[in-house]
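Undergrad: Data file start_10.tsv (TSV, C-alpha atoms and all ligand atoms) is appended below.
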```tsv
chain	number	residue	atom	x	y	z
A	14	MET	CA	0.00	0.00	0.00
A	15	GLU	CA	1.36	3.33	-1.05
A	16	ILE	CA	0.94	6.42	1.11
A	17	ASN	CA	-0.08	9.77	-0.38
A	18	GLY	CA	3.17	11.73	0.04
A	19	GLN	CA	1.79	15.02	-1.22
A	20	ARG	CA	-1.12	14.83	1.23
A	21	LEU	CA	1.36	14.35	4.08
A	22	ILE	CA	3.47	17.34	3.02
A	23	ASP	CA	0.35	19.51	2.56
A	24	ASP	CA	-0.82	18.61	6.09
A	25	LEU	CA	2.56	19.45	7.59
A	26	ARG	CA	2.63	22.79	5.78
A	27	ALA	CA	-0.87	23.63	6.96
A	28	LEU	CA	0.03	22.78	10.55
A	29	ARG	CA	3.20	24.90	10.35
A	30	GLU	CA	0.91	27.93	10.12
A	31	MET	CA	-0.57	27.16	13.54
A	32	THR	CA	2.01	29.02	15.55
A	33	ALA	CA	2.06	31.78	18.14
A	34	THR	CA	5.20	33.28	16.54
A	35	PRO	CA	4.58	33.74	12.77
A	36	GLY	CA	7.81	34.11	10.82
A	37	ASN	CA	9.91	32.94	13.73
A	38	GLY	CA	9.59	29.16	13.80
A	39	VAL	CA	6.73	27.23	15.32
A	40	THR	CA	5.55	27.90	18.87
A	41	ARG	CA	2.68	25.58	19.71
A	42	PHE	CA	2.49	25.00	23.43
A	43	SER	CA	0.17	22.38	24.87
A	44	TYR	CA	-3.29	23.64	25.83
A	45	SER	CA	-2.75	26.92	23.90
A	46	GLU	CA	-4.96	28.31	21.16
A	47	GLU	CA	-2.54	27.01	18.49
A	48	ASP	CA	-2.59	23.54	20.05
A	49	GLY	CA	-6.40	23.68	19.93
A	50	ARG	CA	-6.31	24.55	16.21
A	51	ALA	CA	-3.97	21.62	15.49
A	52	ARG	CA	-6.33	19.31	17.43
A	53	ASP	CA	-9.28	20.62	15.40
A	54	TYR	CA	-7.33	19.90	12.21
A	55	LEU	CA	-6.84	16.27	13.32
A	56	ALA	CA	-10.50	16.04	14.35
A	57	ARG	CA	-11.63	17.14	10.88
A	58	ILE	CA	-9.60	14.39	9.20
A	59	ALA	CA	-10.80	11.81	11.74
A	60	ASP	CA	-14.36	12.90	11.14
A	61	GLN	CA	-13.99	12.74	7.37
A	62	TYR	CA	-12.72	9.14	7.64
A	63	GLY	CA	-15.12	8.02	10.35
A	64	PHE	CA	-12.28	7.42	12.82
A	65	ALA	CA	-13.24	7.60	16.52
A	66	MET	CA	-11.36	10.33	18.42
A	67	GLU	CA	-11.10	10.40	22.20
A	68	THR	CA	-9.26	12.73	24.56
A	69	ASP	CA	-8.39	11.78	28.13
A	70	ALA	CA	-8.29	14.15	31.11
A	71	VAL	CA	-4.66	15.18	30.55
A	72	GLY	CA	-5.22	15.87	26.85
A	73	ASN	CA	-3.76	12.73	25.28
A	74	ILE	CA	-5.64	11.93	22.07
A	75	CYS	CA	-6.45	8.54	20.58
A	76	ILE	CA	-7.71	8.19	16.99
A	77	ARG	CA	-8.97	4.78	15.99
A	78	PRO	CA	-10.34	3.49	12.67
A	79	PRO	CA	-13.65	1.59	12.85
A	80	GLY	CA	-13.11	-2.00	14.01
A	81	SER	CA	-9.48	-1.45	15.08
A	82	LYS	CA	-8.65	-3.28	18.30
A	83	GLY	CA	-5.99	-0.65	19.01
A	84	ARG	CA	-3.28	-3.27	19.53
A	85	LEU	CA	-0.63	-1.19	17.85
A	86	ILE	CA	0.06	2.46	18.65
A	87	ILE	CA	1.59	4.89	16.21
A	88	GLY	CA	2.24	7.99	18.28
A	89	SER	CA	4.07	11.27	18.77
A	90	HIS	CA	3.33	14.81	19.94
A	91	ILE	CA	1.99	18.08	18.48
A	92	ASP	CA	3.46	20.56	20.97
A	93	THR	CA	6.73	22.38	20.31
A	94	VAL	CA	9.38	24.35	22.17
A	95	ARG	CA	9.35	28.16	21.83
A	96	ASN	CA	10.42	29.14	18.29
A	97	GLY	CA	10.90	25.48	17.43
A	98	GLY	CA	10.74	23.73	14.06
A	99	TRP	CA	7.88	22.53	11.88
A	100	LEU	CA	8.58	18.78	12.09
A	101	ASP	CA	9.48	17.77	15.64
A	102	GLY	CA	6.60	15.60	16.87
A	103	ILE	CA	3.97	16.63	14.35
A	104	TYR	CA	5.79	14.70	11.59
A	105	GLY	CA	5.24	11.45	13.51
A	106	VAL	CA	1.61	12.37	14.21
A	107	MET	CA	0.73	13.20	10.61
A	108	SER	CA	2.63	10.13	9.38
A	109	GLY	CA	0.51	8.02	11.74
A	110	MET	CA	-2.61	9.68	10.36
A	111	GLU	CA	-1.36	9.06	6.82
A	112	VAL	CA	-0.87	5.36	7.62
A	113	LEU	CA	-4.43	5.08	8.98
A	114	ARG	CA	-5.82	6.91	5.94
A	115	THR	CA	-3.87	4.65	3.57
A	116	PHE	CA	-5.36	1.55	5.23
A	117	ALA	CA	-8.83	3.11	4.93
A	118	ASP	CA	-8.34	4.24	1.31
A	119	SER	CA	-7.18	0.71	0.41
A	120	GLY	CA	-10.09	-0.91	2.23
A	121	VAL	CA	-7.69	-2.91	4.40
A	122	HIS	CA	-8.40	-3.59	8.09
A	123	THR	CA	-5.86	-2.51	10.70
A	124	ASP	CA	-5.63	-2.91	14.46
A	125	ALA	CA	-3.46	0.22	14.64
A	126	MET	CA	-4.43	3.51	16.27
A	127	LEU	CA	-2.88	6.94	16.44
A	128	VAL	CA	-1.97	8.37	19.85
A	129	ILE	CA	-1.00	12.00	20.34
A	130	TYR	CA	0.86	12.41	23.61
A	131	ALA	CA	0.15	15.70	25.38
A	132	GLU	CA	2.82	18.12	26.60
A	133	GLU	CA	5.94	16.28	25.44
A	134	GLU	CA	8.34	19.19	25.31
A	135	GLY	CA	7.83	20.39	28.87
A	136	SER	CA	7.47	23.98	27.67
A	137	GLY	CA	4.55	24.67	29.98
A	138	PHE	CA	5.14	22.88	33.27
A	139	GLY	CA	8.87	22.12	33.39
A	140	SER	CA	8.31	18.40	32.92
A	141	THR	CA	8.89	16.61	29.62
A	142	MET	CA	6.69	13.77	28.36
A	143	THR	CA	3.89	14.67	30.75
A	144	GLY	CA	1.14	12.92	28.77
A	145	SER	CA	3.01	9.64	28.35
A	146	LYS	CA	4.00	9.70	32.03
A	147	PHE	CA	0.31	9.83	32.96
A	148	LEU	CA	-0.41	7.03	30.48
A	149	THR	CA	2.18	4.76	32.08
A	150	GLY	CA	1.27	5.62	35.68
A	151	LYS	CA	4.52	7.45	36.41
A	152	TYR	CA	2.37	10.52	37.09
A	153	LYS	CA	-0.76	10.19	39.20
A	154	ALA	CA	-3.77	12.38	39.99
A	155	GLU	CA	-1.85	14.35	42.64
A	156	ASP	CA	0.63	15.49	39.98
A	157	LEU	CA	-2.16	17.48	38.31
A	158	THR	CA	-1.82	20.04	41.06
A	159	ALA	CA	1.92	19.54	41.70
A	160	LEU	CA	2.80	20.53	38.13
A	161	LYS	CA	2.59	24.31	37.71
A	162	ASP	CA	3.35	26.79	34.95
A	163	GLU	CA	5.62	29.83	35.35
A	164	GLU	CA	2.80	31.86	36.88
A	165	GLY	CA	2.06	29.14	39.43
A	166	ARG	CA	-1.11	27.98	37.70
A	167	THR	CA	-1.61	24.23	38.01
A	168	LEU	CA	-1.85	21.73	35.17
A	169	LEU	CA	-5.31	20.88	36.51
A	170	ALA	CA	-6.48	24.48	36.01
A	171	HIS	CA	-5.31	24.41	32.37
A	172	LEU	CA	-6.97	21.05	31.76
A	173	LYS	CA	-10.27	22.27	33.19
A	174	GLU	CA	-10.13	25.41	31.09
A	175	CYS	CA	-9.58	23.36	27.90
A	176	GLY	CA	-12.46	21.08	28.91
A	177	TYR	CA	-10.30	17.93	28.92
A	178	TYR	CA	-10.53	17.37	32.66
A	179	ARG	CA	-14.03	16.28	33.56
A	180	GLU	CA	-15.40	13.91	36.18
A	181	ASP	CA	-16.66	11.46	33.54
A	182	VAL	CA	-13.38	11.28	31.61
A	183	PRO	CA	-10.60	8.89	32.67
A	184	LEU	CA	-7.40	10.56	33.87
A	185	ALA	CA	-5.41	8.65	31.25
A	186	MET	CA	-6.65	6.28	28.58
A	187	ASP	CA	-6.32	2.56	29.14
A	188	LEU	CA	-3.51	1.01	27.09
A	189	SER	CA	-3.75	-2.49	28.53
A	190	GLY	CA	-4.67	-4.02	25.15
A	191	VAL	CA	-1.62	-2.55	23.42
A	192	ASP	CA	1.18	-4.90	22.42
A	193	CYS	CA	3.29	-2.63	20.22
A	194	ALA	CA	4.12	1.09	20.23
A	195	LEU	CA	5.89	2.82	17.34
A	196	GLU	CA	7.08	6.35	16.70
A	197	LEU	CA	8.51	8.01	13.62
A	198	HIS	CA	10.55	11.13	14.40
A	199	ILE	CA	13.17	13.41	12.90
A	200	GLU	CA	16.65	12.54	14.19
A	201	GLN	CA	17.32	16.02	15.66
A	202	GLY	CA	21.06	15.32	15.40
A	203	PRO	CA	23.68	15.40	12.60
A	204	VAL	CA	24.58	11.71	12.15
A	205	MET	CA	22.10	10.69	9.44
A	206	ASP	CA	22.56	13.84	7.35
A	207	ARG	CA	26.35	13.59	7.59
A	208	GLU	CA	26.39	9.92	6.61
A	209	HIS	CA	23.64	10.19	3.97
A	210	LEU	CA	21.38	7.66	5.72
A	211	GLN	CA	17.74	7.34	4.71
A	212	ILE	CA	16.34	5.45	7.69
A	213	GLY	CA	17.49	5.24	11.30
A	214	ILE	CA	16.26	2.35	13.44
A	215	VAL	CA	16.56	3.30	17.08
A	216	ASP	CA	18.36	0.89	19.39
A	217	THR	CA	18.61	2.61	22.79
A	218	VAL	CA	17.57	5.95	24.23
A	219	PHE	CA	20.40	7.43	26.25
A	220	GLY	CA	20.25	7.38	30.03
A	221	MET	CA	21.00	10.65	31.77
A	222	HIS	CA	22.49	11.89	35.02
A	223	VAL	CA	22.42	15.57	35.96
A	224	LEU	CA	24.71	17.05	38.61
A	225	GLU	CA	24.59	20.50	40.15
A	226	ILE	CA	28.04	21.60	41.26
A	227	GLU	CA	28.82	24.69	43.34
A	228	PHE	CA	32.25	26.16	43.91
A	229	SER	CA	32.35	28.57	46.87
A	230	GLY	CA	35.46	30.69	47.24
A	231	LEU	CA	36.20	34.08	48.75
A	232	GLY	CA	34.42	37.09	47.28
A	233	ASN	CA	36.60	40.18	47.28
A	234	HIS	CA	37.56	43.46	45.64
A	235	ALA	CA	38.70	42.98	42.02
A	236	GLY	CA	41.37	45.65	42.24
A	237	ALA	CA	42.71	45.35	45.77
A	238	SER	CA	43.17	41.54	45.74
A	239	PRO	CA	46.49	40.43	44.17
A	240	MET	CA	46.34	37.40	41.87
A	241	ILE	CA	48.37	35.37	44.32
A	242	GLY	CA	46.28	34.09	47.21
A	243	ARG	CA	42.87	34.46	45.64
A	244	ARG	CA	40.25	31.75	46.19
A	245	ASP	CA	38.39	32.44	42.96
A	246	SER	CA	35.38	30.20	42.32
A	247	MET	CA	35.16	31.45	38.72
A	248	SER	CA	38.67	30.22	37.90
A	249	ALA	CA	37.80	26.84	39.43
A	250	PHE	CA	34.70	26.78	37.20
A	251	GLY	CA	36.81	27.61	34.14
A	252	GLU	CA	39.14	24.74	34.81
A	253	ALA	CA	36.22	22.41	35.48
A	254	ILE	CA	34.53	23.21	32.15
A	255	LEU	CA	37.50	21.96	30.13
A	256	ALA	CA	38.19	19.02	32.47
A	257	ILE	CA	34.57	17.85	32.16
A	258	GLU	CA	34.70	18.11	28.37
A	259	LYS	CA	37.91	16.06	28.32
A	260	THR	CA	36.45	13.45	30.70
A	261	ALA	CA	33.51	12.87	28.32
A	262	ILE	CA	35.75	12.68	25.24
A	263	ASP	CA	38.14	10.26	26.95
A	264	ALA	CA	35.25	8.08	28.15
A	265	GLY	CA	34.38	7.24	24.49
A	266	HIS	CA	31.28	5.03	23.89
A	267	GLY	CA	29.37	8.11	22.66
A	268	VAL	CA	29.30	9.67	26.14
A	269	VAL	CA	28.19	13.32	26.08
A	270	ALA	CA	28.53	15.86	28.88
A	271	THR	CA	27.04	19.34	28.75
A	272	ILE	CA	27.26	22.36	31.03
A	273	GLY	CA	24.13	24.22	29.99
A	274	LYS	CA	23.45	26.48	32.92
A	275	ALA	CA	25.64	28.52	35.24
A	276	SER	CA	25.05	31.30	37.72
A	277	VAL	CA	27.67	33.56	39.23
A	278	SER	CA	27.27	35.23	42.61
A	279	PRO	CA	27.16	38.11	43.16
A	280	GLY	CA	27.85	38.87	39.49
A	281	GLY	CA	29.59	42.26	39.47
A	282	SER	CA	32.35	43.21	37.03
A	283	ASN	CA	34.52	44.51	39.92
A	284	VAL	CA	33.94	41.63	42.35
A	285	ILE	CA	35.74	38.27	42.58
A	286	PRO	CA	32.74	35.89	42.64
A	287	ASP	CA	32.14	34.15	45.97
A	288	SER	CA	30.38	31.27	44.27
A	289	VAL	CA	29.57	29.71	40.91
A	290	ARG	CA	26.86	27.13	40.54
A	291	PHE	CA	26.43	25.07	37.34
A	292	THR	CA	24.78	21.94	35.99
A	293	VAL	CA	26.40	19.02	34.19
A	294	ASP	CA	24.19	16.78	32.05
A	295	ILE	CA	25.89	13.42	31.33
A	296	ARG	CA	24.39	10.84	28.94
A	297	SER	CA	25.21	7.56	27.23
A	298	ASN	CA	23.56	4.34	26.09
A	299	ASP	CA	25.10	2.37	28.97
A	300	ASP	CA	24.19	3.13	32.59
A	301	GLY	CA	27.48	1.65	33.83
A	302	ILE	CA	29.52	3.97	31.62
A	303	THR	CA	27.34	6.96	32.49
A	304	GLY	CA	27.85	6.16	36.20
A	305	GLU	CA	31.63	5.89	35.83
A	306	THR	CA	31.77	9.20	33.97
A	307	VAL	CA	29.67	10.86	36.69
A	308	GLU	CA	32.11	9.57	39.34
A	309	GLN	CA	35.11	10.85	37.37
A	310	ILE	CA	33.51	14.27	37.05
A	311	ARG	CA	32.81	14.33	40.80
A	312	ARG	CA	36.44	13.46	41.62
A	313	CYS	CA	37.73	15.96	39.13
A	314	ALA	CA	35.60	18.82	40.56
A	315	MET	CA	36.70	17.97	44.12
A	316	GLU	CA	40.35	17.89	43.07
A	317	ILE	CA	40.14	21.28	41.33
A	318	ALA	CA	38.38	22.77	44.36
A	319	GLU	CA	40.95	21.44	46.80
A	320	ARG	CA	43.90	22.66	44.77
A	321	ARG	CA	42.35	26.13	44.46
A	322	GLY	CA	41.21	26.43	48.07
A	323	VAL	CA	37.51	26.65	47.30
A	324	GLU	CA	34.65	24.57	48.67
A	325	CYS	CA	32.84	22.16	46.39
A	326	THR	CA	29.34	20.80	46.89
A	327	ILE	CA	27.75	18.37	44.45
A	328	ARG	CA	24.07	17.50	44.24
A	329	ASP	CA	22.36	14.85	42.08
A	330	VAL	CA	19.51	16.61	40.30
A	331	ALA	CA	18.18	13.94	37.94
A	332	ASP	CA	18.90	10.37	36.98
A	333	SER	CA	17.24	8.21	34.34
A	334	SER	CA	18.26	4.84	32.94
A	335	ALA	CA	19.05	4.08	29.31
A	336	ILE	CA	16.00	2.55	27.60
A	337	PRO	CA	16.56	-0.18	25.00
A	338	PHE	CA	13.87	-0.71	22.36
A	339	SER	CA	12.52	-4.13	21.40
A	340	ARG	CA	15.19	-6.38	19.82
A	341	ARG	CA	12.51	-8.02	17.71
A	342	ILE	CA	11.27	-4.73	16.25
A	343	ILE	CA	14.85	-3.62	15.52
A	344	GLU	CA	15.56	-6.89	13.69
A	345	GLU	CA	12.27	-6.82	11.77
A	346	MET	CA	12.81	-3.22	10.72
A	347	ALA	CA	16.40	-3.92	9.69
A	348	ALA	CA	15.22	-6.87	7.57
A	349	LEU	CA	12.59	-4.66	5.93
A	350	ALA	CA	15.16	-1.93	5.22
A	351	GLU	CA	17.51	-4.55	3.69
A	352	GLU	CA	14.69	-5.88	1.53
A	353	GLN	CA	13.87	-2.39	0.30
A	354	LYS	CA	17.58	-1.64	-0.26
A	355	LEU	CA	17.40	1.44	1.92
A	356	VAL	CA	20.50	3.09	3.34
A	357	TYR	CA	19.85	2.58	7.02
A	358	ARG	CA	21.62	2.25	10.33
A	359	VAL	CA	20.66	0.94	13.78
A	360	MET	CA	21.52	3.87	16.03
A	361	ASP	CA	21.00	5.29	19.52
A	362	SER	CA	18.95	8.34	20.41
A	363	GLY	CA	20.46	11.04	22.58
A	364	ALA	CA	17.02	12.61	22.96
A	365	VAL	CA	14.18	11.01	24.93
A	366	HIS	CA	10.78	10.41	23.30
A	367	ASP	CA	7.28	9.42	24.46
A	368	THR	CA	7.58	5.92	23.02
A	369	ALA	CA	10.59	5.30	25.29
A	370	MET	CA	8.24	5.87	28.25
A	371	LEU	CA	6.07	3.02	26.94
A	372	ALA	CA	9.00	0.66	26.28
A	373	PRO	CA	8.98	-0.95	29.76
A	374	PHE	CA	5.29	-1.86	29.28
A	375	THR	CA	5.03	-3.00	25.69
A	376	GLU	CA	7.14	-3.89	22.67
A	377	ALA	CA	8.32	-0.53	21.37
A	378	GLY	CA	10.35	0.81	18.47
A	379	MET	CA	11.32	4.05	16.74
A	380	ILE	CA	12.28	5.16	13.26
A	381	PHE	CA	14.34	8.28	12.46
A	382	VAL	CA	14.66	10.33	9.29
A	383	PRO	CA	17.53	12.80	8.76
A	384	SER	CA	17.53	16.39	10.03
A	385	ILE	CA	19.27	18.76	7.60
A	386	ASN	CA	22.53	19.90	9.25
A	387	GLY	CA	21.34	18.12	12.38
A	388	ARG	CA	19.31	21.12	13.50
A	389	SER	CA	16.19	20.89	15.64
A	390	HIS	CA	14.28	22.94	18.25
A	391	VAL	CA	15.12	25.97	16.07
A	392	PRO	CA	13.22	27.65	13.19
A	393	GLU	CA	15.79	26.22	10.71
A	394	GLU	CA	14.74	22.63	11.55
A	395	ASN	CA	14.11	20.85	8.22
A	396	THR	CA	14.13	17.51	6.39
A	397	ASN	CA	14.03	16.85	2.64
A	398	GLU	CA	10.53	16.04	1.44
A	399	ASP	CA	11.79	12.79	-0.10
A	400	ASP	CA	13.08	11.71	3.30
A	401	LEU	CA	9.79	12.66	5.00
A	402	ILE	CA	7.80	10.63	2.50
A	403	ARG	CA	10.23	7.69	2.58
A	404	GLY	CA	10.07	7.52	6.39
A	405	THR	CA	6.27	7.44	6.35
A	406	GLN	CA	6.21	4.77	3.64
A	407	PHE	CA	8.64	2.69	5.70
A	408	LEU	CA	6.37	3.05	8.73
A	409	MET	CA	3.39	2.08	6.56
A	410	ASP	CA	5.15	-1.02	5.27
A	411	TYR	CA	6.20	-2.08	8.76
A	412	VAL	CA	2.75	-1.49	10.27
A	413	SER	CA	1.01	-3.38	7.47
A	414	ARG	CA	3.14	-6.42	8.27
A	415	LYS	CA	2.57	-6.03	11.99
A	416	SER	CA	-1.17	-5.36	12.23
B	501	ZN	ZN	9.77	15.41	19.52
```
Could you spell out this file's structure in structure tokens?
Ligand SMILES: [Zn+2]
TA:
Amino acid sequence: MEINGQRLIDDLRALREMTATPGNGVTRFSYSEEDGRARDYLARIADQYGFAMETDAVGNICIRPPGSKGRLIIGSHIDTVRNGGWLDGIYGVMSGMEVLRTFADSGVHTDAMLVIYAEEEGSGFGSTMTGSKFLTGKYKAEDLTALKDEEGRTLLAHLKECGYYREDVPLAMDLSGVDCALELHIEQGPVMDREHLQIGIVDTVFGMHVLEIEFSGLGNHAGASPMIGRRDSMSAFGEAILAIEKTAIDAGHGVVATIGKASVSPGGSNVIPDSVRFTVDIRSNDDGITGETVEQIRRCAMEIAERRGVECTIRDVADSSAIPFSRRIIEEMAALAEEQKLVYRVMDSGAVHDTAMLAPFTEAGMIFVPSINGRSHVPEENTNEDDLIRGTQFLMDYVSRKS
């Protein structure tokens, strides 16, 4: 069965217009007006095809063709980061819709359904993959009031306003009959584009450990304090930045370490800082290797601090395990790609996705298509139309074998 590639591209272009920041990438936060317009767009297609559409109390959507047992999920998200790209999430959603439409147009039965996970990006409430965490029971009813936006308004208040949260609607839809979950997504990194790959089959989603490190030295006058004898927390930070980078490079195995946030106190041009606090995000596909790298970074920070006469405190902020996808799905997809003579690779994902949340509960797998220049979460995010269509056709072919 052949998908309608032009219809897919037309849908994606139409959805690109549903943004709060016209001309500056796509900003479509969950529960916003733009999100509502994208949901209406999906509802119109569902209606046209006679697909049943349900929304649970946290805003996850399920679209199911008549007679489908819903054994197989094709899912992704429709929300974006601020000034994000036009493909992250929505590409997987519209591809899923295209697969369902192709089954319907061909008069072929499927047990697949499309799931749109709410609030994946964490733009609103500081928590990523909110919808899929409710679906898998990681979040419970009490989290509806624990999760708050920047103004302190609870997730529950937003859900009530949108009309999703109602007494007669289940908190999260029941996925107990599901035995396979799939997601098609743009790679969001440079590997596929650089190596001219057409299809990426995802092996493992990186595990992550986040540290918060604080160097506390002696704040003092910038002019009256000679260079000798200073206890400068900023200099300790400077040394730590390069040492952490080197630790990750030396660790190999694709380990990545990122210092993405730092604050300097008190932050005056004529004051030696008394403290610098920063985060280190460490990831790899192997929890053992991630753990060893974290320990090395700890030791290294302590050693720098001691040598420079500053205090060092280290806090663990977040920790998540690497998530392997189903071996069987990886092998089946690789066999299909071989058969179709596609240029493919089995590869890891440095980014986390909703389907990884489902992986401990059901057989799960993901497909990537290239991102031009590896750019994502920016207005420049793009993928060649041929690659977008090829990815969806590959998903179609895999689903038609599976359902
Ligand atoms: Zn995404």
Undergrad: Given a cut-off of 9 Å, what residues near ligand ZN 501 (chain B) show up using all atoms listed in the file, put as a list in words?
TA: Ser89, His90, Ile91, Asp92, Thr93, Leu100, Asp101, Gly102, Ile103, Tyr104, Gly105, Glu133, Glu134, His198, Ile199, Gln201, Ala364, Val365, His366, Asp367 and His390 of chain A
Undergrad: So that I can see what lies close to A:Gly230, please list as a PyMOL selection string the residues with an atom at most 12 Å from it, counting all atoms listed in the file and leaving out residues fewer than 3 positions away in the same chain.
TA: chain A and resi 227+233+242-250+277-279+285-290+318-326
Undergrad: Would you please work out which residue, of A:Val307, A:Leu148, A:Ala369, A:Ile327, is nearest to A:Ser189 when using all atoms listed in the file?
TA: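 Answer, going by the shortest atom-to-atom distance: A:Leu148.
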Undergrad: Choose the residue, out of A:Phe147, A:Glu47, A:Asp410, A:Phe374, that has the smallest atom-to-atom separation from A:Glu352; count only C-alpha atoms.
TA: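 Going through A:Phe147, A:Glu47, A:Asp410, A:Phe374 one by one, the smallest distance to A:Glu352 is for A:Asp410.
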Undergrad: Env of A:Asn17: 10 Å cut, atoms = all atoms listed in the file, seq-sep filter 3 positions within chain, self excluded. Answer as a ChimeraX atom specification.
TA: /A:14,20-22,111-112,114-115,402,405-406
Undergrad: Kindly give the distance, in Å, that separates atom CA of A:Gly213 and atom CA of A:Arg29, rounded to a single decimal.
TA: 24.3 Å
Undergrad: Skip A:His234 itself and residues of its chain fewer than 2 positions away, then list as number ranges by chain all residues within 7 Å of it, counting all atoms listed in the file.
TA: A: 236-238, 283-285
Undergrad: Please provide as an MDAnalysis selection string all residues within 10 Å of A:Gly273, with the sequence filter that same-chain residues fewer than 3 positions apart are discarded (counting all atoms listed in the file).
TA: chainID A and resid 270 291:294
Undergrad: Out of A:Gly363, A:Ile214, A:Ser297, A:Ile254, which residue has the shortest atom-to-atom distance to A:Leu195 when counting only C-alpha atoms?
TA: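 Distance minimum relative to A:Leu195 lands on A:Ile214.
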Undergrad: Expressed in Å to a single decimal, how great is the separation between atom CA of A:Ala331 and atom CA of A:Gly144?
TA: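 Rounded to one decimal, the two atoms are 19.4 Å apart.
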Undergrad: List as a list in words the protein and nucleic acid residues near A:Pro35, meaning an atom at most 12 Å away when all atoms listed in the file are counted, but skip any in the same chain fewer than 4 places from it.
TA: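 The contact residues come out as Arg29, Glu30, Met31, Val39, Thr40, Arg41, Glu47, Arg95, Asn96, Gly97, Gly98, Trp99 and Pro392 of chain A.
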Undergrad: What does the distance between atom CA of A:Gly378 and atom CA of A:Ile343 come to in Å, to one decimal place?
TA: 7.0 Å
Undergrad: Given the point (40.4, 21.6, 37.5) in the file's coordinates, find the residues that have an atom at most 7 Å from it, counting all atoms listed in the file, and give them as a VMD selection string.
TA: chain A and resid 249 252 to 253 256 313 to 314 316 to 317
Undergrad: Keeping only C-alpha atoms, write the selected residues to a file as a PDB file, keeping the file's coordinate frame.
TA:
```
ATOM      1  CA  ALA A 249      37.800  26.840  39.430  1.00  0.00           C
ATOM      2  CA  GLU A 252      39.140  24.740  34.810  1.00  0.00           C
ATOM      3  CA  ALA A 253      36.220  22.410  35.480  1.00  0.00           C
ATOM      4  CA  ALA A 256      38.190  19.020  32.470  1.00  0.00           C
ATOM      5  CA  CYS A 313      37.730  15.960  39.130  1.00  0.00           C
ATOM      6  CA  ALA A 314      35.600  18.820  40.560  1.00  0.00           C
ATOM      7  CA  GLU A 316      40.350  17.890  43.070  1.00  0.00           C
ATOM      8  CA  ILE A 317      40.140  21.280  41.330  1.00  0.00           C
TER       9      ILE A 317
END
```
Undergrad: From the set A:Pro373, A:Met346, A:Tyr178, A:Gly38, which residue has the shortest atom-to-atom contact distance to A:Lys151, counting all atoms listed in the file?
TA: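 Of the candidates, the smallest distance to A:Lys151 is held by A:Pro373.
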Undergrad: Please, which residues are within 10 Å of (6.2, -4.0, 28.1) by the file's coordinates, counting all atoms listed in the file, and could they come as number ranges by chain?
TA: A: 191-194, 339, 371-377
Undergrad: Just write the chosen residues, C-alpha atoms, as an mmCIF file, in the coordinates of the input.
TA:
```cif
data_model
loop_
_atom_site.group_PDB
_atom_site.id
_atom_site.type_symbol
_atom_site.label_atom_id
_atom_site.label_comp_id
_atom_site.auth_asym_id
_atom_site.auth_seq_id
_atom_site.Cartn_x
_atom_site.Cartn_y
_atom_site.Cartn_z
ATOM 1 C CA VAL A 191 -1.620 -2.550 23.420
ATOM 2 C CA ASP A 192 1.180 -4.900 22.420
ATOM 3 C CA CYS A 193 3.290 -2.630 20.220
ATOM 4 C CA ALA A 194 4.120 1.090 20.230
ATOM 5 C CA SER A 339 12.520 -4.130 21.400
ATOM 6 C CA LEU A 371 6.070 3.020 26.940
ATOM 7 C CA ALA A 372 9.000 0.660 26.280
ATOM 8 C CA PRO A 373 8.980 -0.950 29.760
ATOM 9 C CA PHE A 374 5.290 -1.860 29.280
ATOM 10 C CA THR A 375 5.030 -3.000 25.690
ATOM 11 C CA GLU A 376 7.140 -3.890 22.670
ATOM 12 C CA ALA A 377 8.320 -0.530 21.370
#
```
Undergrad: Pick the closest to A:Lys173 from A:Gly72, A:Gly304, A:Gly404, A:Pro383: which is it, counting only C-alpha atoms?
TA: A:Gly72
Undergrad: Ranking A:Lys146, A:Asp156, A:Ser108, A:Ala185 by minimum distance to A:Thr68 and counting all atoms listed in the file, which one comes first?
TA: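 Of the candidates, the smallest distance to A:Thr68 is held by A:Ala185.
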Undergrad: When you get a chance, write out N, CA and C atoms for stretch 132-138 of chain A, as a compact mmCIF listing (two decimals), in the coordinates of the input.
TA:
```txt
# COMPACT_ATOMS: atom_id res chain seq x y z
N GLU A 132 1.75 17.43 25.86
CA GLU A 132 2.82 18.12 26.60
C GLU A 132 4.11 17.31 26.67
N GLU A 133 4.69 17.05 25.49
CA GLU A 133 5.94 16.28 25.44
C GLU A 133 7.14 17.13 25.76
N GLU A 134 7.13 18.38 25.25
CA GLU A 134 8.34 19.19 25.31
C GLU A 134 8.62 19.76 26.70
N GLY A 135 7.61 19.82 27.54
CA GLY A 135 7.83 20.39 28.87
C GLY A 135 7.92 21.90 28.86
N SER A 136 7.38 22.52 27.78
CA SER A 136 7.47 23.98 27.67
C SER A 136 6.58 24.66 28.72
N GLY A 137 5.51 24.02 29.10
CA GLY A 137 4.55 24.67 29.98
C GLY A 137 4.78 24.45 31.47
N PHE A 138 5.16 23.22 31.85
CA PHE A 138 5.14 22.88 33.27
C PHE A 138 6.49 22.33 33.77
```
